[in-house]
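Content type mmCIF, C-alpha atoms, from the file protein-v2.cif:
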```cif
data_work
#
loop_
_atom_site.group_PDB
_atom_site.id
_atom_site.type_symbol
_atom_site.label_atom_id
_atom_site.label_comp_id
_atom_site.auth_asym_id
_atom_site.auth_seq_id
_atom_site.Cartn_x
_atom_site.Cartn_y
_atom_site.Cartn_z
ATOM 1 C CA MET A 1354 33.552 -7.335 16.089
ATOM 2 C CA ASP A 1355 31.697 -10.064 17.961
ATOM 3 C CA ALA A 1356 28.617 -9.964 20.209
ATOM 4 C CA SER A 1357 30.451 -9.003 23.390
ATOM 5 C CA ARG A 1358 32.345 -6.203 21.655
ATOM 6 C CA MET A 1359 29.181 -4.777 20.103
ATOM 7 C CA ARG A 1360 27.465 -4.904 23.477
ATOM 8 C CA ASP A 1361 30.342 -3.004 25.090
ATOM 9 C CA ILE A 1362 30.135 -0.305 22.424
ATOM 10 C CA LEU A 1363 26.360 0.100 22.291
ATOM 11 C CA THR A 1364 25.173 -0.471 25.892
ATOM 12 C CA PRO A 1365 26.171 2.997 27.185
ATOM 13 C CA HIS A 1366 24.005 4.544 24.452
ATOM 14 C CA LEU A 1367 20.925 2.292 24.661
ATOM 15 C CA SER A 1368 18.666 5.043 25.944
ATOM 16 C CA GLN A 1369 19.404 6.991 22.773
ATOM 17 C CA ILE A 1370 19.086 4.142 20.264
ATOM 18 C CA ARG A 1371 16.717 1.697 21.993
ATOM 19 C CA GLU A 1372 13.925 2.149 19.425
ATOM 20 C CA HIS A 1373 16.279 1.261 16.595
ATOM 21 C CA ILE A 1374 18.227 -1.700 17.912
ATOM 22 C CA PHE A 1375 17.708 -5.176 19.318
ATOM 23 C CA LEU A 1376 20.654 -6.924 20.926
ATOM 24 C CA ASN A 1377 21.021 -10.148 22.892
ATOM 25 C CA SER A 1378 23.575 -12.938 23.075
ATOM 26 C CA GLU A 1379 22.276 -14.616 19.896
ATOM 27 C CA LEU A 1380 21.526 -11.876 17.437
ATOM 28 C CA THR A 1381 21.370 -8.162 16.849
ATOM 29 C CA MET A 1382 19.101 -6.056 14.656
ATOM 30 C CA VAL A 1383 19.451 -2.458 13.535
ATOM 31 C CA ARG A 1384 16.491 -0.651 12.056
ATOM 32 C CA GLY A 1385 17.119 2.618 10.306
ATOM 33 C CA ASP A 1386 19.319 4.546 12.723
ATOM 34 C CA HIS A 1387 22.587 6.265 11.755
ATOM 35 C CA THR A 1388 23.792 6.610 15.358
ATOM 36 C CA VAL A 1389 24.733 2.927 15.626
ATOM 37 C CA PHE A 1390 27.129 3.211 12.691
ATOM 38 C CA SER A 1391 28.575 6.473 13.974
ATOM 39 C CA LEU A 1392 29.402 4.693 17.238
ATOM 40 C CA LEU A 1393 31.000 1.774 15.422
ATOM 41 C CA MET A 1394 33.039 4.123 13.218
ATOM 42 C CA ARG A 1395 34.689 5.534 16.332
ATOM 43 C CA GLN A 1396 36.223 2.134 17.129
ATOM 44 C CA ARG A 1397 39.242 2.578 14.863
ATOM 45 C CA PRO A 1398 38.679 0.382 11.798
ATOM 46 C CA PRO A 1399 39.491 -1.960 10.112
ATOM 47 C CA PHE A 1400 37.329 -4.673 11.679
ATOM 48 C CA ILE A 1401 36.901 -8.383 11.105
ATOM 49 C CA ILE A 1402 33.380 -9.794 11.088
ATOM 50 C CA ASN A 1403 32.977 -13.039 13.048
ATOM 51 C CA ASP A 1404 29.385 -13.843 12.156
ATOM 52 C CA HIS A 1405 26.738 -13.679 9.427
ATOM 53 C CA ARG A 1406 25.249 -10.241 8.717
ATOM 54 C CA LEU A 1407 22.429 -9.544 6.300
ATOM 55 C CA GLY A 1408 20.918 -6.160 5.641
ATOM 56 C CA ILE A 1409 19.316 -3.647 3.318
ATOM 57 C CA ILE A 1410 20.606 -0.176 2.470
ATOM 58 C CA MET A 1411 17.338 1.724 2.829
ATOM 59 C CA SER A 1412 18.685 5.204 2.072
ATOM 60 C CA GLY A 1413 21.905 7.149 1.839
ATOM 61 C CA GLU A 1414 25.213 5.750 0.706
ATOM 62 C CA ALA A 1415 28.457 4.348 2.054
ATOM 63 C CA ASP A 1416 32.015 3.881 0.853
ATOM 64 C CA ILE A 1417 33.461 0.760 2.478
ATOM 65 C CA ASN A 1418 36.498 -1.350 1.713
ATOM 66 C CA ILE A 1419 35.263 -4.941 1.965
ATOM 67 C CA ASN A 1420 37.803 -7.751 1.721
ATOM 68 C CA LEU A 1421 40.369 -5.397 0.147
ATOM 69 C CA GLN A 1422 38.025 -3.999 -2.512
ATOM 70 C CA ASP A 1423 36.401 -0.568 -2.415
ATOM 71 C CA ARG A 1424 32.619 -0.680 -2.595
ATOM 72 C CA HIS A 1425 30.179 2.171 -3.077
ATOM 73 C CA LEU A 1426 26.844 1.119 -1.603
ATOM 74 C CA THR A 1427 23.609 2.916 -2.354
ATOM 75 C CA SER A 1428 19.947 2.516 -1.463
ATOM 76 C CA SER A 1429 18.017 -0.570 -2.608
ATOM 77 C CA THR A 1430 21.054 -2.792 -2.112
ATOM 78 C CA LEU A 1431 21.050 -6.078 -0.204
ATOM 79 C CA VAL A 1432 24.318 -6.693 1.642
ATOM 80 C CA TYR A 1433 25.844 -9.843 3.100
ATOM 81 C CA LEU A 1434 29.004 -9.986 5.212
ATOM 82 C CA GLY A 1435 30.149 -13.450 6.266
ATOM 83 C CA PRO A 1436 32.515 -14.743 8.931
ATOM 84 C CA GLY A 1437 36.072 -13.646 8.236
ATOM 85 C CA THR A 1438 35.070 -10.570 6.247
ATOM 86 C CA ILE A 1439 37.364 -7.596 6.756
ATOM 87 C CA ILE A 1440 35.701 -4.188 6.497
ATOM 88 C CA HIS A 1441 37.091 -0.687 6.610
ATOM 89 C CA PRO A 1442 34.356 1.979 6.428
ATOM 90 C CA LYS A 1443 35.665 5.108 4.707
ATOM 91 C CA HIS A 1444 32.573 7.308 4.496
ATOM 92 C CA LEU A 1445 28.972 6.947 5.648
ATOM 93 C CA SER A 1446 26.564 9.633 4.501
ATOM 94 C CA PRO A 1447 24.387 11.286 7.191
ATOM 95 C CA GLU A 1448 21.325 9.924 5.380
ATOM 96 C CA LEU A 1449 22.509 6.312 5.646
ATOM 97 C CA ARG A 1450 19.805 4.038 7.007
ATOM 98 C CA ILE A 1451 20.208 0.277 7.192
ATOM 99 C CA PHE A 1452 17.763 -2.431 8.210
ATOM 100 C CA GLY A 1453 19.611 -5.610 8.994
ATOM 101 C CA MET A 1454 20.697 -8.277 11.415
ATOM 102 C CA GLY A 1455 23.751 -10.096 12.707
ATOM 103 C CA LEU A 1456 23.654 -13.759 13.722
ATOM 104 C CA PHE A 1457 26.211 -14.365 16.451
ATOM 105 C CA SER A 1458 28.163 -17.591 16.834
ATOM 106 C CA ASN A 1459 25.714 -19.118 19.350
ATOM 107 C CA PHE A 1460 22.649 -18.417 17.189
ATOM 108 C CA SER A 1461 20.994 -21.714 16.231
ATOM 109 C CA MET A 1462 21.409 -21.615 12.454
ATOM 110 C CA PRO A 1463 18.439 -22.953 10.468
ATOM 111 C CA PHE A 1464 20.633 -25.262 8.368
ATOM 112 C CA ALA A 1465 23.289 -27.861 9.018
ATOM 113 C CA GLN A 1466 26.592 -26.854 7.413
ATOM 114 C CA VAL A 1467 26.193 -29.332 4.543
ATOM 115 C CA GLN A 1468 22.693 -27.977 3.834
ATOM 116 C CA MET A 1469 23.578 -24.295 4.039
ATOM 117 C CA PRO A 1470 22.520 -22.326 0.944
ATOM 118 C CA SER A 1471 25.698 -22.028 -1.110
ATOM 119 C CA ALA A 1472 25.882 -18.231 -0.786
ATOM 120 C CA PHE A 1473 26.429 -18.747 2.961
ATOM 121 C CA ASN A 1474 28.543 -21.915 3.153
ATOM 122 C CA GLY A 1475 31.882 -20.116 3.366
ATOM 123 C CA GLN A 1476 32.824 -20.205 -0.310
ATOM 124 C CA VAL A 1477 31.518 -16.643 -0.662
ATOM 125 C CA ARG A 1478 32.825 -14.122 1.845
ATOM 126 C CA ASP A 1479 30.543 -11.192 0.977
ATOM 127 C CA PHE A 1480 28.216 -9.860 -1.684
ATOM 128 C CA GLN A 1481 26.204 -6.755 -2.522
ATOM 129 C CA LEU A 1482 23.042 -7.022 -4.620
ATOM 130 C CA PRO A 1483 21.306 -4.005 -6.187
ATOM 131 C CA VAL A 1484 17.726 -5.229 -6.486
ATOM 132 C CA GLY A 1485 14.365 -4.185 -7.844
ATOM 133 C CA GLU A 1486 11.396 -2.958 -5.865
ATOM 134 C CA ASP A 1487 9.684 -6.351 -5.476
ATOM 135 C CA ASP A 1488 12.784 -8.220 -4.287
ATOM 136 C CA LEU A 1489 13.600 -5.379 -1.909
ATOM 137 C CA ALA A 1490 10.063 -5.463 -0.503
ATOM 138 C CA THR A 1491 10.285 -9.222 0.123
ATOM 139 C CA ALA A 1492 13.537 -8.860 2.066
ATOM 140 C CA ARG A 1493 12.123 -5.960 4.055
ATOM 141 C CA HIS A 1494 8.901 -7.820 4.908
ATOM 142 C CA ILE A 1495 10.867 -10.774 6.272
ATOM 143 C CA LEU A 1496 13.095 -8.489 8.345
ATOM 144 C CA GLU A 1497 10.060 -6.583 9.626
ATOM 145 C CA THR A 1498 8.482 -9.865 10.744
ATOM 146 C CA ILE A 1499 11.665 -10.902 12.552
ATOM 147 C CA TRP A 1500 11.803 -7.455 14.193
ATOM 148 C CA GLN A 1501 8.217 -7.759 15.411
ATOM 149 C CA THR A 1502 8.802 -11.309 16.639
ATOM 150 C CA VAL A 1503 11.871 -10.543 18.751
ATOM 151 C CA HIS A 1504 10.034 -7.589 20.312
ATOM 152 C CA ALA A 1505 6.783 -9.444 20.944
ATOM 153 C CA THR A 1506 7.768 -10.888 24.323
ATOM 154 C CA ASP A 1507 10.700 -10.830 26.717
ATOM 155 C CA GLN A 1508 11.525 -14.375 25.599
ATOM 156 C CA TYR A 1509 10.794 -14.702 21.889
ATOM 157 C CA TYR A 1510 10.038 -18.110 20.363
ATOM 158 C CA ARG A 1511 13.313 -19.204 18.774
ATOM 159 C CA PRO A 1512 11.920 -21.689 16.201
ATOM 160 C CA THR A 1513 9.850 -18.893 14.648
ATOM 161 C CA VAL A 1514 12.864 -16.589 14.387
ATOM 162 C CA THR A 1515 15.014 -19.420 13.029
ATOM 163 C CA SER A 1516 12.464 -20.195 10.315
ATOM 164 C CA LEU A 1517 12.224 -16.546 9.323
ATOM 165 C CA VAL A 1518 16.009 -16.313 9.116
ATOM 166 C CA ALA A 1519 15.965 -19.379 6.843
ATOM 167 C CA ALA A 1520 13.464 -17.615 4.566
ATOM 168 C CA LEU A 1521 15.654 -14.509 4.443
ATOM 169 C CA MET A 1522 18.763 -16.561 3.630
ATOM 170 C CA HIS A 1523 16.953 -18.446 0.868
ATOM 171 C CA HIS A 1524 15.803 -15.131 -0.625
ATOM 172 C CA TYR A 1525 19.333 -13.698 -0.577
ATOM 173 C CA ASP A 1526 20.752 -16.962 -1.950
ATOM 174 C CA HIS A 1527 18.313 -16.951 -4.876
ATOM 175 C CA LEU A 1528 19.147 -13.348 -5.778
ATOM 176 C CA PHE A 1529 22.876 -13.957 -5.353
ATOM 177 C CA HIS A 1530 22.822 -16.817 -7.859
ATOM 178 C CA GLN A 1531 20.744 -14.783 -10.297
ATOM 179 C CA GLN A 1532 23.437 -12.087 -10.209
ATOM 180 C CA SER A 1533 26.247 -14.662 -10.422
ATOM 181 C CA ASP A 1534 24.710 -16.219 -13.516
ATOM 182 C CA ARG A 1535 24.528 -12.814 -15.200
ATOM 183 C CA LEU A 1536 28.126 -11.968 -14.281
ATOM 184 C CA THR A 1537 29.433 -15.353 -15.419
ATOM 185 C CA ASN A 1538 28.275 -14.604 -18.941
ATOM 186 C CA SER A 1539 30.154 -11.300 -19.022
ATOM 187 C CA ARG A 1540 33.194 -11.969 -16.816
ATOM 188 C CA SER A 1541 36.458 -12.797 -18.551
ATOM 189 C CA ARG A 1542 38.640 -15.743 -17.569
ATOM 190 C CA GLU A 1543 41.221 -13.279 -16.272
ATOM 191 C CA GLN A 1544 38.676 -11.590 -14.002
ATOM 192 C CA THR A 1545 37.576 -14.967 -12.675
ATOM 193 C CA ILE A 1546 41.203 -15.859 -11.888
ATOM 194 C CA PHE A 1547 41.724 -12.534 -10.103
ATOM 195 C CA ASP A 1548 38.546 -12.937 -8.041
ATOM 196 C CA ARG A 1549 39.616 -16.427 -6.989
ATOM 197 C CA PHE A 1550 43.116 -15.191 -6.118
ATOM 198 C CA LEU A 1551 41.788 -12.366 -3.950
ATOM 199 C CA HIS A 1552 39.404 -14.728 -2.170
ATOM 200 C CA LEU A 1553 42.273 -17.064 -1.319
ATOM 201 C CA VAL A 1554 44.492 -14.191 -0.188
ATOM 202 C CA THR A 1555 41.915 -12.852 2.267
ATOM 203 C CA GLN A 1556 41.549 -16.372 3.676
ATOM 204 C CA HIS A 1557 45.196 -17.432 3.915
ATOM 205 C CA CYS A 1558 47.441 -14.361 3.998
ATOM 206 C CA ALA A 1559 48.326 -14.859 7.673
ATOM 207 C CA GLU A 1560 49.866 -18.257 6.959
ATOM 208 C CA HIS A 1561 51.076 -17.838 3.388
ATOM 209 C CA HIS A 1562 52.937 -14.700 2.282
ATOM 210 C CA GLN A 1563 54.313 -15.917 -1.058
ATOM 211 C CA ILE A 1564 52.710 -15.915 -4.496
ATOM 212 C CA GLY A 1565 53.772 -19.504 -5.115
ATOM 213 C CA TYR A 1566 51.267 -20.869 -2.607
ATOM 214 C CA TYR A 1567 48.321 -19.218 -4.379
ATOM 215 C CA ALA A 1568 49.529 -20.229 -7.844
ATOM 216 C CA GLU A 1569 49.766 -23.849 -6.673
ATOM 217 C CA ARG A 1570 46.289 -23.736 -5.127
ATOM 218 C CA MET A 1571 44.916 -22.432 -8.416
ATOM 219 C CA CYS A 1572 46.901 -24.886 -10.574
ATOM 220 C CA LEU A 1573 48.613 -22.017 -12.388
ATOM 221 C CA THR A 1574 52.223 -21.067 -12.881
ATOM 222 C CA GLU A 1575 53.465 -18.279 -10.652
ATOM 223 C CA ARG A 1576 54.416 -16.212 -13.700
ATOM 224 C CA TYR A 1577 50.982 -16.538 -15.294
ATOM 225 C CA LEU A 1578 49.140 -15.667 -12.068
ATOM 226 C CA THR A 1579 51.385 -12.655 -11.525
ATOM 227 C CA THR A 1580 50.698 -11.420 -15.068
ATOM 228 C CA VAL A 1581 46.938 -11.912 -14.871
ATOM 229 C CA VAL A 1582 46.605 -10.164 -11.488
ATOM 230 C CA ARG A 1583 48.627 -7.152 -12.640
ATOM 231 C CA GLN A 1584 46.779 -6.838 -15.953
ATOM 232 C CA THR A 1585 43.348 -7.225 -14.326
ATOM 233 C CA SER A 1586 43.782 -5.009 -11.268
ATOM 234 C CA GLY A 1587 46.737 -2.744 -12.054
ATOM 235 C CA ILE A 1588 48.349 -3.960 -8.820
ATOM 236 C CA THR A 1589 50.886 -6.735 -8.380
ATOM 237 C CA ALA A 1590 49.971 -10.010 -6.713
ATOM 238 C CA LYS A 1591 52.595 -9.374 -4.024
ATOM 239 C CA ASP A 1592 51.039 -5.971 -3.269
ATOM 240 C CA TRP A 1593 47.626 -7.629 -2.791
ATOM 241 C CA ILE A 1594 49.143 -10.128 -0.371
ATOM 242 C CA ASP A 1595 50.854 -7.301 1.519
ATOM 243 C CA ARG A 1596 47.608 -5.309 1.694
ATOM 244 C CA ALA A 1597 45.722 -8.279 3.102
ATOM 245 C CA LEU A 1598 48.455 -9.131 5.598
ATOM 246 C CA ILE A 1599 48.890 -5.565 6.837
ATOM 247 C CA THR A 1600 45.124 -5.222 7.288
ATOM 248 C CA ARG A 1601 45.016 -8.403 9.380
ATOM 249 C CA ILE A 1602 47.950 -7.178 11.475
ATOM 250 C CA LYS A 1603 46.230 -3.811 12.062
ATOM 251 C CA ILE A 1604 43.109 -5.590 13.321
ATOM 252 C CA GLU A 1605 45.159 -7.700 15.725
ATOM 253 C CA LEU A 1606 47.088 -4.674 16.999
ATOM 254 C CA ARG A 1607 44.052 -2.466 17.569
ATOM 255 C CA HIS A 1608 41.399 -4.906 18.659
ATOM 256 C CA THR A 1609 43.253 -7.494 20.728
ATOM 257 C CA ASP A 1610 45.667 -7.451 23.661
ATOM 258 C CA LYS A 1611 48.258 -9.516 21.821
ATOM 259 C CA SER A 1612 51.878 -8.362 21.832
ATOM 260 C CA ALA A 1613 53.747 -7.645 18.599
ATOM 261 C CA ALA A 1614 55.852 -10.753 19.219
ATOM 262 C CA GLN A 1615 52.754 -12.919 19.568
ATOM 263 C CA ILE A 1616 51.204 -11.493 16.394
ATOM 264 C CA ALA A 1617 54.483 -12.007 14.546
ATOM 265 C CA GLU A 1618 54.466 -15.680 15.502
ATOM 266 C CA GLU A 1619 50.793 -16.183 14.609
ATOM 267 C CA MET A 1620 51.316 -14.452 11.249
ATOM 268 C CA HIS A 1621 54.257 -16.747 10.463
ATOM 269 C CA PHE A 1622 57.062 -14.172 10.470
ATOM 270 C CA SER A 1623 60.519 -15.550 11.138
ATOM 271 C CA ASN A 1624 61.108 -13.243 14.114
ATOM 272 C CA PRO A 1625 59.661 -10.099 15.793
ATOM 273 C CA SER A 1626 62.392 -7.879 14.359
ATOM 274 C CA PHE A 1627 61.541 -8.787 10.767
ATOM 275 C CA PHE A 1628 57.840 -8.367 11.572
ATOM 276 C CA SER A 1629 58.427 -4.827 12.890
ATOM 277 C CA LYS A 1630 60.552 -3.861 9.884
ATOM 278 C CA TYR A 1631 57.925 -5.219 7.502
ATOM 279 C CA PHE A 1632 55.111 -3.329 9.215
ATOM 280 C CA ARG A 1633 57.086 -0.097 9.337
ATOM 281 C CA ARG A 1634 58.096 -0.332 5.673
ATOM 282 C CA LEU A 1635 54.459 -0.615 4.581
ATOM 283 C CA THR A 1636 52.788 1.742 7.060
ATOM 284 C CA GLY A 1637 55.476 4.229 8.138
ATOM 285 C CA MET A 1638 54.883 3.286 11.786
ATOM 286 C CA THR A 1639 56.136 0.676 14.192
ATOM 287 C CA PRO A 1640 53.571 -1.821 15.508
ATOM 288 C CA GLY A 1641 53.731 -0.100 18.910
ATOM 289 C CA GLU A 1642 53.053 3.342 17.410
ATOM 290 C CA TYR A 1643 50.065 2.022 15.473
ATOM 291 C CA LYS A 1644 48.597 0.259 18.502
ATOM 292 C CA CYS A 1645 48.621 3.401 20.680
#
```
Can I see the file as C-alpha cells?
Amino acid sequence: MDASRMRDILTPHLSQIREHIFLNSELTMVRGDHTVFSLLMRQRPPFIINDHRLGIIMSGEADININLQDRHLTSSTLVYLGPGTIIHPKHLSPELRIFGMGLFSNFSMPFAQVQMPSAFNGQVRDFQLPVGEDDLATARHILETIWQTVHATDQYYRPTVTSLVAALMHHYDHLFHQQSDRLTNSRSREQTIFDRFLHLVTQHCAEHHQIGYYAERMCLTERYLTTVVRQTSGITAKDWIDRALITRIKIELRHTDKSAAQIAEEMHFSNPSFFSKYFRRLTGMTPGEYKC
C-alpha cells in the first residue's frame, strides 16, 4: 500500500474527503474522517505497509490483525506501523476517527539511518501505546502543526515539516521506551522468546519455512523453541510460520500482477505444483481462485 496505490484509491473521492486528507508524493495525512478507511477496506486486505505511519486513535475502535497478532485499538492510543508491517483490518467502528500521517519512501527523513530513534530503526515493526491526556495532547499538537504547515501554501517549506516530523518521532520513541521498560519488568523469558520468534518470522518467512532457521538465529534448540512457542501462544511454531507465509502469498496474489509460478519462486518453493498444493491445503482455494 504505497503512495501510488493510495493515490489511485483516494483520488476519485477527493471532492468528498478533501477537508480531511492531504496527499502528495512525499507524505499523506488523514484528519478525523472515517470515509478514507472505508475506501481502503474495500481493497481486499491483507496489506503490506511500505512506509512509516504514525497516528492517534481519536475516537471509536478497531480490530486489526497486525503482524499476525490481533489488536483491539481504542481511543487515546498512539499507533506506529513501520515498513514491512502486514495488516488485516477486521472491524472498524463507524465512530473511528484517526489523526495521522504516512511518510512515503521519497520523504526526506529527519535522521540518517544510524541516528534514527530506536523505535523506528527497523528493529521494531509496530507498536500501540495507550497514553494519558498530556502525552496525547502533545502528539496531537505536533500533528496539528504539521497539518497547518502543509496546507499553508501550495509549496510548503520542507525543512519545517521535516523538523516537526522529527519532534513527533522523538515523542513516540520516548513513550515507546517507557512502555517497553514497564513490560520488561513483567514479561517472562518465554514471552520474550515468543515475541522475538514472531518478529523473525514476519521478516523472513518468504525465504525460510523451517523452524530450524529461527532456532539457529535465536541460539536455541529447535525442540526448546517449539515447546516455548506452543506453551506461550497455544499455537505451534510451524503454524505461525504457515500463517505468516500464507499472508504474504495472499498479498502478492491480490495486490500484484505476479503469476503463481513467479510467487512460488520468490517464496522459495521447490516448484509451482507444490506451491499450489500448499496454498490449497491451508486456504481451501487454489492460488488462481483466491486471486480472482
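Restricting the calculation to all atoms listed in the file, the smallest distance between His1608 of chain A and any of A:Ala1519, A:Cys1645, A:Val1383, A:Leu1482 is found for A:Cys1645.
Between atom CA of Ala1613 of chain A and atom CA of Ile1564 of chain A the interatomic distance comes to 24.6 Å.
Taking atom CA of His1441 of chain A as the reference point, atom CA of Ile1419 of chain A is found at 6.6 Å.
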I need the output of the PyMOL selection byres ((chain A and resi 1439) around 10) for this file as a JSON list (two decimals) with C-alpha atoms, in the coordinates of the input; which residues are they?
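Full text of out23.json as output:
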```
[["chain", "number", "residue", "atom", "x", "y", "z"],
["A", 1398, "PRO", "CA", 38.68, 0.38, 11.80],
["A", 1399, "PRO", "CA", 39.49, -1.96, 10.11],
["A", 1400, "PHE", "CA", 37.33, -4.67, 11.68],
["A", 1401, "ILE", "CA", 36.90, -8.38, 11.10],
["A", 1402, "ILE", "CA", 33.38, -9.79, 11.09],
["A", 1403, "ASN", "CA", 32.98, -13.04, 13.05],
["A", 1418, "ASN", "CA", 36.50, -1.35, 1.71],
["A", 1419, "ILE", "CA", 35.26, -4.94, 1.96],
["A", 1420, "ASN", "CA", 37.80, -7.75, 1.72],
["A", 1421, "LEU", "CA", 40.37, -5.40, 0.15],
["A", 1422, "GLN", "CA", 38.02, -4.00, -2.51],
["A", 1434, "LEU", "CA", 29.00, -9.99, 5.21],
["A", 1435, "GLY", "CA", 30.15, -13.45, 6.27],
["A", 1436, "PRO", "CA", 32.52, -14.74, 8.93],
["A", 1437, "GLY", "CA", 36.07, -13.65, 8.24],
["A", 1438, "THR", "CA", 35.07, -10.57, 6.25],
["A", 1440, "ILE", "CA", 35.70, -4.19, 6.50],
["A", 1441, "HIS", "CA", 37.09, -0.69, 6.61],
["A", 1478, "ARG", "CA", 32.83, -14.12, 1.84],
["A", 1479, "ASP", "CA", 30.54, -11.19, 0.98],
["A", 1555, "THR", "CA", 41.92, -12.85, 2.27],
["A", 1597, "ALA", "CA", 45.72, -8.28, 3.10],
["A", 1600, "THR", "CA", 45.12, -5.22, 7.29],
["A", 1601, "ARG", "CA", 45.02, -8.40, 9.38],
["A", 1604, "ILE", "CA", 43.11, -5.59, 13.32]]
```
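Using all atoms listed in the file, the set of residues no farther than 12 Å from the position (13.5, -17.3, 21.8) comprises Asn1377, Ser1378, Glu1379, Leu1380, Phe1460, Ser1461, Ile1499, Thr1502, Val1503, His1504, Ala1505, Thr1506, Asp1507, Gln1508, Tyr1509, Tyr1510, Arg1511, Pro1512, Thr1513, Val1514, Thr1515 and Ser1516 of chain A.
Checking A:Arg1634, A:Gly1413, A:Arg1607, A:Arg1542 one by one against Arg1397 of chain A, counting all atoms listed in the file, you find the shortest gap at A:Arg1607.
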ask   = Got a sec to check which residues sit within 12 Å of (24.3, -25.9, 6.0), counting all atoms listed in the file, and write them as a PyMOL selection string?
value = chain A and resi 1461-1475+1519+1522-1523
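Distances here use all atoms listed in the file; by that measure, the residue among A:Ile1599, A:Leu1392, A:Ile1594, A:Met1411 closest to Glu1486 of chain A is A:Met1411.
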inquiry  = Residues near Phe1547 of chain A, anyone? I mean within 8 Å using all atoms listed in the file, not counting same-chain ones fewer than 2 positions away, as a list in words.
reply    = Glu1543, Gln1544, Thr1545, Arg1549, Phe1550, Leu1551, Val1581, Val1582, Thr1585 and Ser1586 of chain A
task = Name the residues that the PyMOL selection byres ((chain A and resi 1531-1533) around 12) pulls out of this structure, and write them as number ranges by chain.
result = A: 1431, 1471-1472, 1477, 1480-1484, 1488, 1524-1530, 1534-1540, 1545
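Atom pair atom CA of Ile1616 of chain A / atom CA of Arg1406 of chain A: separated by 27.1 Å.
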ask   = Between A:Ile1409, A:Ile1451, A:Leu1573, A:Leu1426, which one has atoms that come closest to Ala1490 of chain A, using only C-alpha atoms?
value = A:Ile1409
Kindly complete segment 1578-1591 of chain A to N, CA, C and O atoms; the output should be written as a compact mmCIF listing (two decimals), keeping the file's coordinate frame.
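Output file rebuild_4.txt is given in full below:
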```txt
# COMPACT_ATOMS: atom_id res chain seq x y z
N LEU A 1578 50.00 -16.31 -13.07
CA LEU A 1578 49.14 -15.67 -12.07
C LEU A 1578 49.57 -14.23 -11.84
O LEU A 1578 48.73 -13.32 -11.77
N THR A 1579 50.87 -14.01 -11.74
CA THR A 1579 51.38 -12.66 -11.52
C THR A 1579 50.96 -11.73 -12.66
O THR A 1579 50.54 -10.59 -12.44
N THR A 1580 51.06 -12.23 -13.89
CA THR A 1580 50.70 -11.42 -15.07
C THR A 1580 49.21 -11.10 -15.08
O THR A 1580 48.80 -9.95 -15.31
N VAL A 1581 48.39 -12.11 -14.83
CA VAL A 1581 46.94 -11.91 -14.87
C VAL A 1581 46.49 -10.92 -13.80
O VAL A 1581 45.68 -10.02 -14.06
N VAL A 1582 47.01 -11.06 -12.58
CA VAL A 1582 46.60 -10.16 -11.49
C VAL A 1582 46.99 -8.73 -11.80
O VAL A 1582 46.20 -7.80 -11.60
N ARG A 1583 48.21 -8.51 -12.32
CA ARG A 1583 48.63 -7.15 -12.64
C ARG A 1583 47.78 -6.57 -13.77
O ARG A 1583 47.35 -5.41 -13.71
N GLN A 1584 47.54 -7.34 -14.81
CA GLN A 1584 46.78 -6.84 -15.95
C GLN A 1584 45.32 -6.56 -15.58
O GLN A 1584 44.71 -5.62 -16.09
N THR A 1585 44.77 -7.37 -14.69
CA THR A 1585 43.35 -7.22 -14.33
C THR A 1585 43.12 -6.09 -13.34
O THR A 1585 42.14 -5.34 -13.46
N SER A 1586 44.02 -5.96 -12.36
CA SER A 1586 43.78 -5.01 -11.27
C SER A 1586 44.69 -3.79 -11.29
O SER A 1586 44.43 -2.81 -10.59
N GLY A 1587 45.77 -3.85 -12.07
CA GLY A 1587 46.74 -2.74 -12.05
C GLY A 1587 47.65 -2.76 -10.84
O GLY A 1587 48.42 -1.83 -10.63
N ILE A 1588 47.56 -3.82 -10.04
CA ILE A 1588 48.35 -3.96 -8.82
C ILE A 1588 48.98 -5.34 -8.84
O ILE A 1588 48.37 -6.31 -9.30
N THR A 1589 50.21 -5.45 -8.35
CA THR A 1589 50.89 -6.74 -8.38
C THR A 1589 50.27 -7.70 -7.37
O THR A 1589 49.67 -7.29 -6.37
N ALA A 1590 50.46 -8.98 -7.63
CA ALA A 1590 49.97 -10.01 -6.71
C ALA A 1590 50.62 -9.86 -5.34
O ALA A 1590 49.95 -10.01 -4.31
N LYS A 1591 51.91 -9.55 -5.31
CA LYS A 1591 52.60 -9.37 -4.02
C LYS A 1591 52.00 -8.19 -3.26
O LYS A 1591 51.86 -8.25 -2.03
```
